[in-house]
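Novice: Before I ask anything, let me first share the structure, which is written out below as structure tokens.
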There are 2 protein chains.
Amino acid sequence: MKSFAIHSLSSAVTKTARATSETIVSRNADLLARAGYVSQLGAGVYTLLPLGMRVLSNIEAIVRDEMSMIGAHECLMGTLQPREIWETTGRWDTVDVLYRLQSRNGSQYALGATAEEVITAAVAPLIQSYRDLPMALFQISTKYRDEHRARSGLLRGREFRMKDLYTFDTDEARLEKQYEEICEAYMRIFARCGLAGRVVRTFASGGIFSQFSDEFQLLADSGEDTIFMTEGRNVALNKEVAGDEEALTLLFGSTRPALTEHRAIEVANTFKLGSRFSDAFSIAPQDADGTSRRVMMACFGLGTTRLLGAVAELYNDAQGLVWPRAIAPYDLHLVTLGDDSRIAEFVATLSDHLRRAGISTLIDSRSEKRAGEKFADADLIGIPTRAVVGTKELEAGVIELRDRATGSISRVGLEQLATVISTS
Amino acid sequence: MKSFAIHSLSSAVTKTARATSETIVSRNADLLARAGYVSQLGAGVYTLLPLGMRVLSNIEAIVRDEMSMIGAHECLMGTLQPREIWETTGRWDTVDVLYRLQSRNGSQYALGATAEEVITAAVAPLIQSYRDLPMALFQISTKYRDEHRARSGLLRGREFRMKDLYTFDTDEARLEKQYEEICEAYMRIFARCGLAGRVVRTFASGGIFSQFSDEFQLLADSGEDTIFMTEGRNVALNKEVAGDEEALTLLFGSTRPALTEHRAIEVANTFKLGSRFSDAFSIAPQDADGTSRRVMMACFGLGTTRLLGAVAELYNDAQGLVWPRAIAPYDLHLVTLGDDSRIAEFVATLSDHLRRAGISTLIDSRSEKRAGEKFADADLIGIPTRAVVGTKELEAGVIELRDRATGSISRVGLEQLATVISTS
């Protein structure tokens, strides 16, 4: 699933910056920029450099895999969204984060902030009969939102990557069942990204989409959201609905349990949309008995660059980033030391070995850098395992491995290397 | 490399339309829309439906693989490009296809039409020494161009997918050598997409980028470009430079050979940019001897949705699309006939077999469709091999295979199926 590569550390891969810049917008943005994962283009707009792109690809591959497993098909929707389809649902004037623009021929567009209108308009001609349902379509694409204030680095940008899934059904019970299955797939996605046990499904308001929604909140002291959880974490709700009697009754009935307060980062949000969008586009398929039926919808967002930023925000220490192995840009960071002429040859042999074992490796053979600089870069970049090869290691026939998260050091022979790394 | 899948034909995968719509904008758009690969969102803006997305993913996987082989690293650049960086190169007012928009806080942006400014600004702080070069970075992303008239379906849209690669070097000879290697990689990309021998490297004008450029032209009678070729096809030039003495002298010296005229579709375009962009962003790395040097650049575009459209434009017949196997949405289109209860069981066994062999398959088991409708859909969708399973085949223990391109029919046993398909 992860794309395999053995790359040499060059300035094209990363050029780290030691000093924290004077204007830290957020811990994730500062670390990601210093370690060479991103480059800021403007307020709330980032370019993903090769390291950042590798992490994003790993996250998106996991998302794609889980979407495929729940039977959703991938699309790629147009993002120059005609004004007319936003007027069809009455949202052209009400969604305040829309970027609006105009072609020189006078056509007016909203730049894709979300895609309920686009997908509903696209599937309308396809849904004529109950046989055409259920339907689940998703895309992973760049979205644009004209946020008043871009903040928190990659957590709330004006431009970001999002997976958005849309489901359609006439059978409400089946749609609800699928909704729960998709929420379970979301929890698997977070677990597979290294966040097992840290993401909480949270009852929240529905914003511009619906009355209520489910948020997936990553527990983090630096998070901008406040959530309340029951003991045992069985139920969580966003502070924004904590005073809403209807919400509390839905969740707890008449008994109100004790709740504890936590900070968290919202990494996904799912909504039951009812027939609001399908009605607007006049979708009314015939049932088996010939009567026309309403189509209910649900939508499921998951910000992939936000998830990248959230992991960077949470998994770091004073030396730099500490990636969960599942989404790390490489499995192994191999540092060579000294100018012993046998090292290049040994690294070539080692590379063959790593290639056969499918261990993605970043090799730092920069001759102009001292050992300390190379180790500091390795810590900042945060690849899970660091290996060192110098004359001493060559002669002893062992490689020194250091675990980025724990700092624990082990020495292994060449033939054990692949096994040790793939099981760590 | 191709993503493996066994899917059932449902309306979420495709719902074909028999009748050609009254307003055919182009053959590729008409076929792709009728076969359910795309849905038009607006003039020059298409949504890729699941079949179209599978073809695009196959094309982009080939592009990514070839970029990796020439040592380029993948990025993803911001597309809300600040006005300031376009003013740095003096192009804010001169590039007429830019969509311009404004944030509510007053920031002005160009929507990414190309990314010379973005990549050059991003790498400027990384290039301080000759050791930081050469550098080759690419992205595959959606681009936006405010074309006067969107035309030719997916061939010239206002929104499209493009791979854009940028190279940087102080050593002009090395940059030139790399330029040629990348042009060779382009020819491999086209060959791997099924277009071997049909794409011609063509000398052309450089438009908004440079004086001259190289275009990669797919020979096609319906193409909107006119090119001239020497006998033996060693040299080709775009009609736009056919009267340019400087171009002709560069290509042929003083002897002007006989040329034949051809129609073609431009599928890629590459440019030597000189130091125009790097100078604008004050990139002046130190050489080994301490002097500062100019950085020369080249850029290489390849439209992936245009390539999809060009293949659809070229590879079709009266019944529908005829995909080259390398980029087809599935390898096999399996049609079941009749309501024999043993068929479902047989298809399950067959699916296991196909899964183990890695043969992506679209299974049409729709009970409400007649055989003729299913065969017509298979022809329209254009998957390379069609298989039929009905009571007759069950009892004979053979599967009937039909080659979409040639119409030739063969009958094979279950155990030969995988071999026959993967070698055809």
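Within each chain, counting starts at residue 1; across the structure tokens, chains are named A, B, ... in the order shown, with ligands numbered 1 upward in that order.
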Compile a residue-level contact table for chain A against chain B at a cut-off of 6 Å, reporting for every qualifying residue the shortest atom pair and its distance in Å to one decimal, with only C-alpha atoms counted, rows ordered by chain and ascending number, as JSON lines.
Specialist:
{"residue": "A:Ser11", "atom": "CA", "partner": "B:Asp132", "partner_atom": "CA", "distance": 5.2}
{"residue": "A:Ala12", "atom": "CA", "partner": "B:Met135", "partner_atom": "CA", "distance": 5.6}
{"residue": "A:Val45", "atom": "CA", "partner": "B:Gly78", "partner_atom": "CA", "distance": 6.0}
{"residue": "A:Tyr46", "atom": "CA", "partner": "B:Gly78", "partner_atom": "CA", "distance": 5.6}
{"residue": "A:Thr47", "atom": "CA", "partner": "B:Met77", "partner_atom": "CA", "distance": 4.2}
{"residue": "A:Leu48", "atom": "CA", "partner": "B:Leu76", "partner_atom": "CA", "distance": 4.9}
{"residue": "A:Leu49", "atom": "CA", "partner": "B:Cys75", "partner_atom": "CA", "distance": 4.8}
{"residue": "A:Pro50", "atom": "CA", "partner": "B:Cys75", "partner_atom": "CA", "distance": 5.0}
{"residue": "A:Met53", "atom": "CA", "partner": "B:Cys75", "partner_atom": "CA", "distance": 5.6}
{"residue": "A:His73", "atom": "CA", "partner": "B:Pro50", "partner_atom": "CA", "distance": 5.9}
{"residue": "A:Glu74", "atom": "CA", "partner": "B:Pro50", "partner_atom": "CA", "distance": 5.4}
{"residue": "A:Cys75", "atom": "CA", "partner": "B:Leu49", "partner_atom": "CA", "distance": 4.8}
{"residue": "A:Leu76", "atom": "CA", "partner": "B:Leu48", "partner_atom": "CA", "distance": 5.0}
{"residue": "A:Met77", "atom": "CA", "partner": "B:Thr47", "partner_atom": "CA", "distance": 4.2}
{"residue": "A:Gly78", "atom": "CA", "partner": "B:Thr47", "partner_atom": "CA", "distance": 4.9}
{"residue": "A:Leu101", "atom": "CA", "partner": "B:Leu101", "partner_atom": "CA", "distance": 5.8}
{"residue": "A:Asp132", "atom": "CA", "partner": "B:Ser11", "partner_atom": "CA", "distance": 5.2}
{"residue": "A:Met135", "atom": "CA", "partner": "B:Ala12", "partner_atom": "CA", "distance": 5.6}
Novice: Take the residues from that selection and put them in a file with N, CA and C atoms, as a tab-separated table (two decimals), in the first residue's frame.
Specialist:
chain	number	residue	atom	x	y	z
A	11	SER	N	18.68	18.23	-1.12
A	11	SER	CA	17.85	19.40	-0.84
A	11	SER	C	16.48	19.28	-1.49
A	12	ALA	N	16.37	18.45	-2.56
A	12	ALA	CA	15.06	18.25	-3.19
A	12	ALA	C	14.13	17.47	-2.26
A	45	VAL	N	-2.46	28.57	3.20
A	45	VAL	CA	-2.19	27.83	1.96
A	45	VAL	C	-0.77	27.28	2.02
A	46	TYR	N	-0.64	25.97	1.91
A	46	TYR	CA	0.65	25.29	2.01
A	46	TYR	C	0.93	24.46	0.77
A	47	THR	N	2.22	24.42	0.39
A	47	THR	CA	2.68	23.45	-0.60
A	47	THR	C	3.24	22.27	0.17
A	48	LEU	N	2.83	21.06	-0.21
A	48	LEU	CA	3.40	19.87	0.39
A	48	LEU	C	4.67	19.54	-0.37
A	49	LEU	N	5.81	19.58	0.32
A	49	LEU	CA	7.09	19.20	-0.27
A	49	LEU	C	7.18	17.67	-0.24
A	50	PRO	N	8.22	17.08	-0.87
A	50	PRO	CA	8.23	15.61	-1.01
A	50	PRO	C	7.97	14.82	0.28
A	53	MET	N	4.33	15.12	1.06
A	53	MET	CA	3.54	14.41	0.06
A	53	MET	C	3.54	12.91	0.34
A	73	HIS	N	-17.39	3.95	-4.44
A	73	HIS	CA	-16.61	4.10	-5.66
A	73	HIS	C	-16.01	5.50	-5.73
A	74	GLU	N	-14.78	5.57	-6.23
A	74	GLU	CA	-14.09	6.86	-6.28
A	74	GLU	C	-14.41	7.65	-7.54
A	75	CYS	N	-14.64	8.94	-7.35
A	75	CYS	CA	-14.88	9.90	-8.44
A	75	CYS	C	-13.89	11.04	-8.31
A	76	LEU	N	-13.96	11.99	-9.20
A	76	LEU	CA	-13.26	13.26	-9.02
A	76	LEU	C	-14.17	14.33	-9.59
A	77	MET	N	-14.73	15.14	-8.68
A	77	MET	CA	-15.76	16.08	-9.11
A	77	MET	C	-15.16	17.40	-9.56
A	78	GLY	N	-15.84	18.07	-10.48
A	78	GLY	CA	-15.41	19.39	-10.90
A	78	GLY	C	-15.45	20.35	-9.72
A	101	LEU	N	-16.06	33.21	-8.06
A	101	LEU	CA	-15.26	33.79	-9.14
A	101	LEU	C	-16.03	33.75	-10.43
A	132	ASP	N	-31.44	1.39	-8.73
A	132	ASP	CA	-30.22	2.20	-8.85
A	132	ASP	C	-29.60	2.52	-7.48
A	135	MET	N	-26.30	3.90	-3.28
A	135	MET	CA	-25.17	4.41	-4.04
A	135	MET	C	-24.24	5.13	-3.07
Novice: Using DSSP on the backbone coordinates, identify the residues of region 156-297 of chain A assigned to alpha helix (DSSP H); present them as JSON, numbers by chain.
Specialist: {"A": [172, 173, 174, 175, 176, 177, 178, 179, 180, 181, 182, 183, 184, 185, 186, 187, 188, 189, 190, 245, 246, 247, 248, 249, 250, 251, 252, 276, 277, 278, 279, 280]}
Novice: May I have the selected residues written with N, CA, C and O atoms, as a short mmCIF file (atom, residue, chain, number, x, y, z; two decimals), in the first residue's frame?
Specialist:
data_model
loop_
_atom_site.label_atom_id
_atom_site.label_comp_id
_atom_site.auth_asym_id
_atom_site.auth_seq_id
_atom_site.Cartn_x
_atom_site.Cartn_y
_atom_site.Cartn_z
N GLU A 172 -34.52 4.11 4.47
CA GLU A 172 -33.88 4.88 5.54
C GLU A 172 -33.14 3.99 6.54
O GLU A 172 -32.06 4.34 7.02
N ALA A 173 -33.71 2.82 6.82
CA ALA A 173 -33.06 1.91 7.78
C ALA A 173 -31.71 1.44 7.22
O ALA A 173 -30.71 1.35 7.93
N ARG A 174 -31.70 1.14 5.91
CA ARG A 174 -30.47 0.68 5.28
C ARG A 174 -29.42 1.80 5.26
O ARG A 174 -28.23 1.56 5.47
N LEU A 175 -29.89 3.03 5.01
CA LEU A 175 -28.98 4.18 5.01
C LEU A 175 -28.36 4.39 6.39
O LEU A 175 -27.17 4.66 6.53
N GLU A 176 -29.20 4.24 7.44
CA GLU A 176 -28.72 4.39 8.83
C GLU A 176 -27.69 3.32 9.16
O GLU A 176 -26.67 3.59 9.80
N LYS A 177 -27.98 2.10 8.72
CA LYS A 177 -27.05 0.99 8.97
C LYS A 177 -25.70 1.27 8.29
O LYS A 177 -24.63 1.09 8.88
N GLN A 178 -25.79 1.73 7.04
CA GLN A 178 -24.56 2.06 6.31
C GLN A 178 -23.82 3.23 6.98
O GLN A 178 -22.59 3.23 7.05
N TYR A 179 -24.58 4.19 7.50
CA TYR A 179 -23.98 5.32 8.21
C TYR A 179 -23.12 4.81 9.37
O TYR A 179 -21.96 5.24 9.54
N GLU A 180 -23.64 3.88 10.13
CA GLU A 180 -22.89 3.33 11.27
C GLU A 180 -21.66 2.55 10.78
O GLU A 180 -20.59 2.63 11.38
N GLU A 181 -21.82 1.81 9.67
CA GLU A 181 -20.68 1.06 9.11
C GLU A 181 -19.57 2.00 8.68
O GLU A 181 -18.38 1.72 8.85
N ILE A 182 -19.98 3.14 8.12
CA ILE A 182 -18.97 4.11 7.67
C ILE A 182 -18.28 4.76 8.87
O ILE A 182 -17.06 4.97 8.86
N CYS A 183 -19.05 5.03 9.93
CA CYS A 183 -18.41 5.57 11.15
C CYS A 183 -17.40 4.56 11.71
O CYS A 183 -16.33 4.95 12.19
N GLU A 184 -17.72 3.28 11.61
CA GLU A 184 -16.75 2.26 12.05
C GLU A 184 -15.52 2.26 11.14
O GLU A 184 -14.39 2.11 11.62
N ALA A 185 -15.74 2.43 9.83
CA ALA A 185 -14.60 2.52 8.90
C ALA A 185 -13.72 3.71 9.25
O ALA A 185 -12.49 3.64 9.17
N TYR A 186 -14.36 4.82 9.65
CA TYR A 186 -13.59 6.00 10.06
C TYR A 186 -12.68 5.66 11.25
O TYR A 186 -11.51 6.04 11.28
N MET A 187 -13.24 4.94 12.24
CA MET A 187 -12.43 4.59 13.41
C MET A 187 -11.26 3.67 12.98
O MET A 187 -10.16 3.78 13.53
N ARG A 188 -11.51 2.80 11.99
CA ARG A 188 -10.41 1.96 11.49
C ARG A 188 -9.34 2.81 10.80
O ARG A 188 -8.15 2.55 10.93
N ILE A 189 -9.79 3.82 10.04
CA ILE A 189 -8.83 4.71 9.37
C ILE A 189 -7.91 5.36 10.40
O ILE A 189 -6.68 5.36 10.25
N PHE A 190 -8.50 5.87 11.47
CA PHE A 190 -7.67 6.56 12.48
C PHE A 190 -6.73 5.57 13.17
O PHE A 190 -5.57 5.87 13.40
N GLU A 245 -30.99 21.15 24.92
CA GLU A 245 -31.84 20.14 25.58
C GLU A 245 -32.17 18.98 24.64
O GLU A 245 -32.18 17.82 25.04
N GLU A 246 -32.44 19.31 23.39
CA GLU A 246 -32.80 18.27 22.42
C GLU A 246 -31.64 17.29 22.25
O GLU A 246 -31.83 16.07 22.22
N ALA A 247 -30.44 17.84 22.12
CA ALA A 247 -29.25 17.01 21.96
C ALA A 247 -29.06 16.13 23.20
O ALA A 247 -28.82 14.92 23.08
N LEU A 248 -29.17 16.73 24.36
CA LEU A 248 -28.94 15.98 25.61
C LEU A 248 -29.97 14.87 25.78
O LEU A 248 -29.64 13.75 26.20
N THR A 249 -31.20 15.15 25.42
CA THR A 249 -32.25 14.13 25.52
C THR A 249 -32.00 12.99 24.54
O THR A 249 -32.14 11.81 24.87
N LEU A 250 -31.59 13.36 23.33
CA LEU A 250 -31.25 12.33 22.33
C LEU A 250 -30.14 11.41 22.85
O LEU A 250 -30.19 10.19 22.68
N LEU A 251 -29.16 12.00 23.49
CA LEU A 251 -27.99 11.22 23.93
C LEU A 251 -28.24 10.44 25.22
O LEU A 251 -27.83 9.30 25.34
N PHE A 252 -28.92 11.10 26.17
CA PHE A 252 -28.97 10.51 27.52
C PHE A 252 -30.37 10.26 28.05
O PHE A 252 -30.52 9.73 29.15
N ARG A 276 -33.08 16.83 1.72
CA ARG A 276 -32.98 18.24 1.35
C ARG A 276 -32.30 18.46 -0.01
O ARG A 276 -32.79 19.24 -0.84
N PHE A 277 -31.18 17.79 -0.26
CA PHE A 277 -30.47 18.00 -1.52
C PHE A 277 -31.11 17.23 -2.67
O PHE A 277 -31.25 17.73 -3.77
N SER A 278 -31.51 15.98 -2.40
CA SER A 278 -32.10 15.17 -3.47
C SER A 278 -33.44 15.76 -3.92
O SER A 278 -33.77 15.74 -5.11
N ASP A 279 -34.21 16.32 -2.98
CA ASP A 279 -35.47 16.98 -3.36
C ASP A 279 -35.19 18.19 -4.26
O ASP A 279 -35.88 18.41 -5.25
N ALA A 280 -34.16 18.96 -3.89
CA ALA A 280 -33.86 20.17 -4.66
C ALA A 280 -33.53 19.82 -6.11
O ALA A 280 -33.81 20.60 -7.03
#
Novice: I want to know what sits within 9 Å of Val311 (chain B), based on only C-alpha atoms, with residues of the same chain fewer than 5 positions away left out; could you give that as a list in words?
Specialist: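 Contacts, in chain order: Asn28, Cys193, Gly194, Leu195, Arg306, Asn316, Val322, Trp323 and Pro324 of chain B.
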Novice: One decimal, Å: what's the distance from CA of Ala378 (chain B) over to CA of Arg27 (chain B), could you say?
Specialist: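 Between these atoms lies a distance of 18.3 Å.
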Novice: What does the structure give for the distance between CA of Tyr166 (chain B) and CA of Ile62 (chain A), in Å to one decimal?
Specialist: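 Here the two named atoms are 28.9 Å from each other.
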Novice: Tell me, which residues of region 167-250 of chain B carry DSSP strand (DSSP E), written as a short mmCIF file (atom, residue, chain, number, x, y, z; two decimals) with N, CA and C atoms, in the first residue's frame?
Specialist:
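Here's the written file selection-v3.cif:
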data_model
loop_
_atom_site.label_atom_id
_atom_site.label_comp_id
_atom_site.auth_asym_id
_atom_site.auth_seq_id
_atom_site.Cartn_x
_atom_site.Cartn_y
_atom_site.Cartn_z
N THR B 167 12.53 21.47 -13.37
CA THR B 167 13.91 21.10 -13.08
C THR B 167 14.76 22.36 -12.93
N PHE B 168 15.78 22.26 -12.08
CA PHE B 168 16.65 23.39 -11.72
C PHE B 168 18.09 22.92 -11.76
N ASP B 169 18.97 23.70 -12.38
CA ASP B 169 20.39 23.37 -12.37
C ASP B 169 21.22 24.60 -12.70
N VAL B 199 2.73 8.93 -31.07
CA VAL B 199 3.02 10.26 -30.54
C VAL B 199 4.36 10.75 -31.12
N VAL B 200 4.37 11.98 -31.59
CA VAL B 200 5.54 12.54 -32.27
C VAL B 200 6.02 13.78 -31.52
N ARG B 201 7.31 13.80 -31.19
CA ARG B 201 7.90 15.00 -30.59
C ARG B 201 7.99 16.08 -31.66
N THR B 202 7.46 17.25 -31.38
CA THR B 202 7.22 18.27 -32.39
C THR B 202 7.76 19.62 -31.94
N PHE B 203 8.57 20.23 -32.78
CA PHE B 203 9.13 21.55 -32.47
C PHE B 203 8.02 22.60 -32.60
N ALA B 204 7.91 23.47 -31.60
CA ALA B 204 6.78 24.40 -31.58
C ALA B 204 7.18 25.71 -30.93
N SER B 205 6.26 26.67 -30.94
CA SER B 205 6.54 27.94 -30.25
C SER B 205 6.40 27.73 -28.75
N PHE B 212 10.81 28.83 -28.02
CA PHE B 212 10.38 27.57 -28.63
C PHE B 212 10.10 26.54 -27.56
N SER B 213 9.47 25.45 -27.94
CA SER B 213 9.20 24.37 -27.00
C SER B 213 9.10 23.07 -27.77
N ASP B 214 8.98 21.97 -27.03
CA ASP B 214 8.69 20.69 -27.66
C ASP B 214 7.27 20.28 -27.30
N GLU B 215 6.49 19.95 -28.32
CA GLU B 215 5.17 19.40 -28.06
C GLU B 215 5.20 17.91 -28.33
N PHE B 216 4.35 17.18 -27.66
CA PHE B 216 4.18 15.76 -27.95
C PHE B 216 2.79 15.62 -28.55
N GLN B 217 2.78 15.31 -29.85
CA GLN B 217 1.55 15.33 -30.62
C GLN B 217 1.10 13.91 -30.94
N LEU B 218 -0.15 13.63 -30.59
CA LEU B 218 -0.76 12.33 -30.90
C LEU B 218 -1.44 12.45 -32.27
N LEU B 219 -0.96 11.66 -33.23
CA LEU B 219 -1.51 11.73 -34.58
C LEU B 219 -2.97 11.29 -34.57
N ASP B 225 -4.60 20.44 -33.94
CA ASP B 225 -3.30 20.98 -34.35
C ASP B 225 -2.89 20.43 -35.72
N THR B 226 -2.13 21.24 -36.44
CA THR B 226 -1.56 20.79 -37.71
C THR B 226 -0.05 20.74 -37.54
N ILE B 227 0.54 19.60 -37.87
CA ILE B 227 2.00 19.49 -37.78
C ILE B 227 2.56 19.03 -39.13
N PHE B 228 3.83 19.31 -39.34
CA PHE B 228 4.53 18.85 -40.55
C PHE B 228 5.61 17.87 -40.14
N MET B 229 5.74 16.78 -40.89
CA MET B 229 6.77 15.79 -40.57
C MET B 229 7.63 15.51 -41.79
N THR B 230 8.90 15.22 -41.52
CA THR B 230 9.79 14.76 -42.59
C THR B 230 9.45 13.30 -42.89
N ALA B 236 9.60 16.70 -36.66
CA ALA B 236 8.24 17.23 -36.83
C ALA B 236 8.21 18.65 -36.30
N LEU B 237 7.39 19.48 -36.91
CA LEU B 237 7.23 20.84 -36.40
C LEU B 237 5.78 21.27 -36.49
N ASN B 238 5.39 22.10 -35.54
CA ASN B 238 4.03 22.61 -35.54
C ASN B 238 3.89 23.64 -36.65
#
Novice: Please indicate the distance in Å from CA of Asp65 (chain A) to CA of Leu302 (chain A), rounded to one decimal place.
Specialist: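 Going from CA of Asp65 (chain A) over to CA of Leu302 (chain A), I get 14.0 Å.
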Novice: Residues at most 10 Å from Ala310 (chain A), counting only C-alpha atoms, excluding those fewer than 5 positions away in the same chain, as a list in words?
Specialist: Arg27, Asn28, Ser152, Gly153, Leu154, Leu155, Leu218, Leu219, Ala220, Ser222, Gly223, Ala264, Ile265, Glu266, Val267, Thr304, Thr305 and Tyr315 of chain A
Novice: Atoms to include: N, CA and C atoms. Write the selected residues as a compact mmCIF listing (two decimals), in the first residue's frame.
Specialist:
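Result file follows (selection30.txt):
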# COMPACT_ATOMS: atom_id res chain seq x y z
N ARG A 27 2.29 24.82 16.35
CA ARG A 27 3.35 23.82 16.52
C ARG A 27 3.46 22.93 15.29
N ASN A 28 2.32 22.48 14.74
CA ASN A 28 2.40 21.58 13.57
C ASN A 28 3.05 22.28 12.38
N SER A 152 -3.86 27.77 13.06
CA SER A 152 -3.49 26.42 13.46
C SER A 152 -2.78 25.66 12.34
N GLY A 153 -2.01 26.35 11.52
CA GLY A 153 -1.19 25.67 10.51
C GLY A 153 -2.05 24.86 9.56
N LEU A 154 -1.77 23.56 9.47
CA LEU A 154 -2.51 22.72 8.53
C LEU A 154 -3.89 22.33 9.06
N LEU A 155 -4.24 22.77 10.26
CA LEU A 155 -5.52 22.34 10.84
C LEU A 155 -6.71 23.13 10.29
N LEU A 218 -9.88 14.12 17.81
CA LEU A 218 -8.60 13.60 18.28
C LEU A 218 -8.23 14.32 19.57
N LEU A 219 -8.14 13.58 20.67
CA LEU A 219 -7.84 14.18 21.96
C LEU A 219 -6.43 14.79 21.93
N ALA A 220 -6.35 16.09 22.22
CA ALA A 220 -5.06 16.80 22.17
C ALA A 220 -5.19 18.09 22.96
N SER A 222 -3.69 20.74 22.73
CA SER A 222 -3.60 21.96 21.93
C SER A 222 -4.80 22.12 20.98
N GLY A 223 -5.77 21.21 21.06
CA GLY A 223 -6.92 21.27 20.16
C GLY A 223 -7.75 22.53 20.37
N ALA A 264 -9.66 18.91 22.05
CA ALA A 264 -9.54 17.96 20.94
C ALA A 264 -9.46 18.68 19.60
N ILE A 265 -8.97 17.96 18.61
CA ILE A 265 -8.88 18.46 17.22
C ILE A 265 -9.87 17.67 16.38
N GLU A 266 -10.78 18.35 15.72
CA GLU A 266 -11.75 17.66 14.87
C GLU A 266 -11.05 17.16 13.60
N VAL A 267 -11.09 15.85 13.36
CA VAL A 267 -10.42 15.31 12.17
C VAL A 267 -11.41 14.80 11.12
N THR A 304 -7.72 15.14 4.97
CA THR A 304 -6.47 14.35 4.98
C THR A 304 -5.26 15.22 5.31
N THR A 305 -5.22 16.47 4.83
CA THR A 305 -4.10 17.34 5.25
C THR A 305 -4.29 17.76 6.71
N TYR A 315 2.28 14.24 17.78
CA TYR A 315 3.40 13.32 17.88
C TYR A 315 4.71 14.04 17.62
Novice: Quick one: residues within 12 Å of region 341-346 of chain B, only C-alpha atoms counted, chain neighbours fewer than 5 positions away excluded, as a ChimeraX atom specification?
Specialist: /B:334-336,351-353,363-367,388-395,397-399,414
Novice: Write the selection just made, keeping C-alpha atoms, as a short mmCIF file (atom, residue, chain, number, x, y, z; two decimals), in the first residue's frame?
Specialist:
data_model
loop_
_atom_site.label_atom_id
_atom_site.label_comp_id
_atom_site.auth_asym_id
_atom_site.auth_seq_id
_atom_site.Cartn_x
_atom_site.Cartn_y
_atom_site.Cartn_z
CA LEU B 334 -18.02 -10.54 -17.32
CA VAL B 335 -21.63 -10.85 -18.48
CA THR B 336 -23.95 -13.41 -16.93
CA SER B 351 -14.14 -14.26 -8.85
CA ASP B 352 -11.79 -16.08 -6.48
CA HIS B 353 -9.83 -17.25 -9.49
CA ILE B 363 -19.41 -8.23 -13.49
CA ASP B 364 -22.74 -7.50 -15.18
CA SER B 365 -25.33 -9.68 -13.42
CA ARG B 366 -28.23 -7.27 -13.85
CA SER B 367 -31.36 -9.41 -13.96
CA VAL B 388 -20.04 -14.59 -21.13
CA VAL B 389 -21.35 -17.11 -18.63
CA GLY B 390 -24.76 -18.72 -19.05
CA THR B 391 -26.25 -22.19 -18.65
CA LYS B 392 -24.63 -23.34 -21.90
CA GLU B 393 -21.16 -22.27 -20.75
CA LEU B 394 -21.71 -23.74 -17.29
CA GLU B 395 -22.55 -27.13 -18.72
CA GLY B 397 -17.28 -25.93 -18.63
CA VAL B 398 -15.97 -23.19 -20.91
CA ILE B 399 -16.15 -19.42 -20.97
CA LEU B 414 -11.61 -21.77 -16.24
#
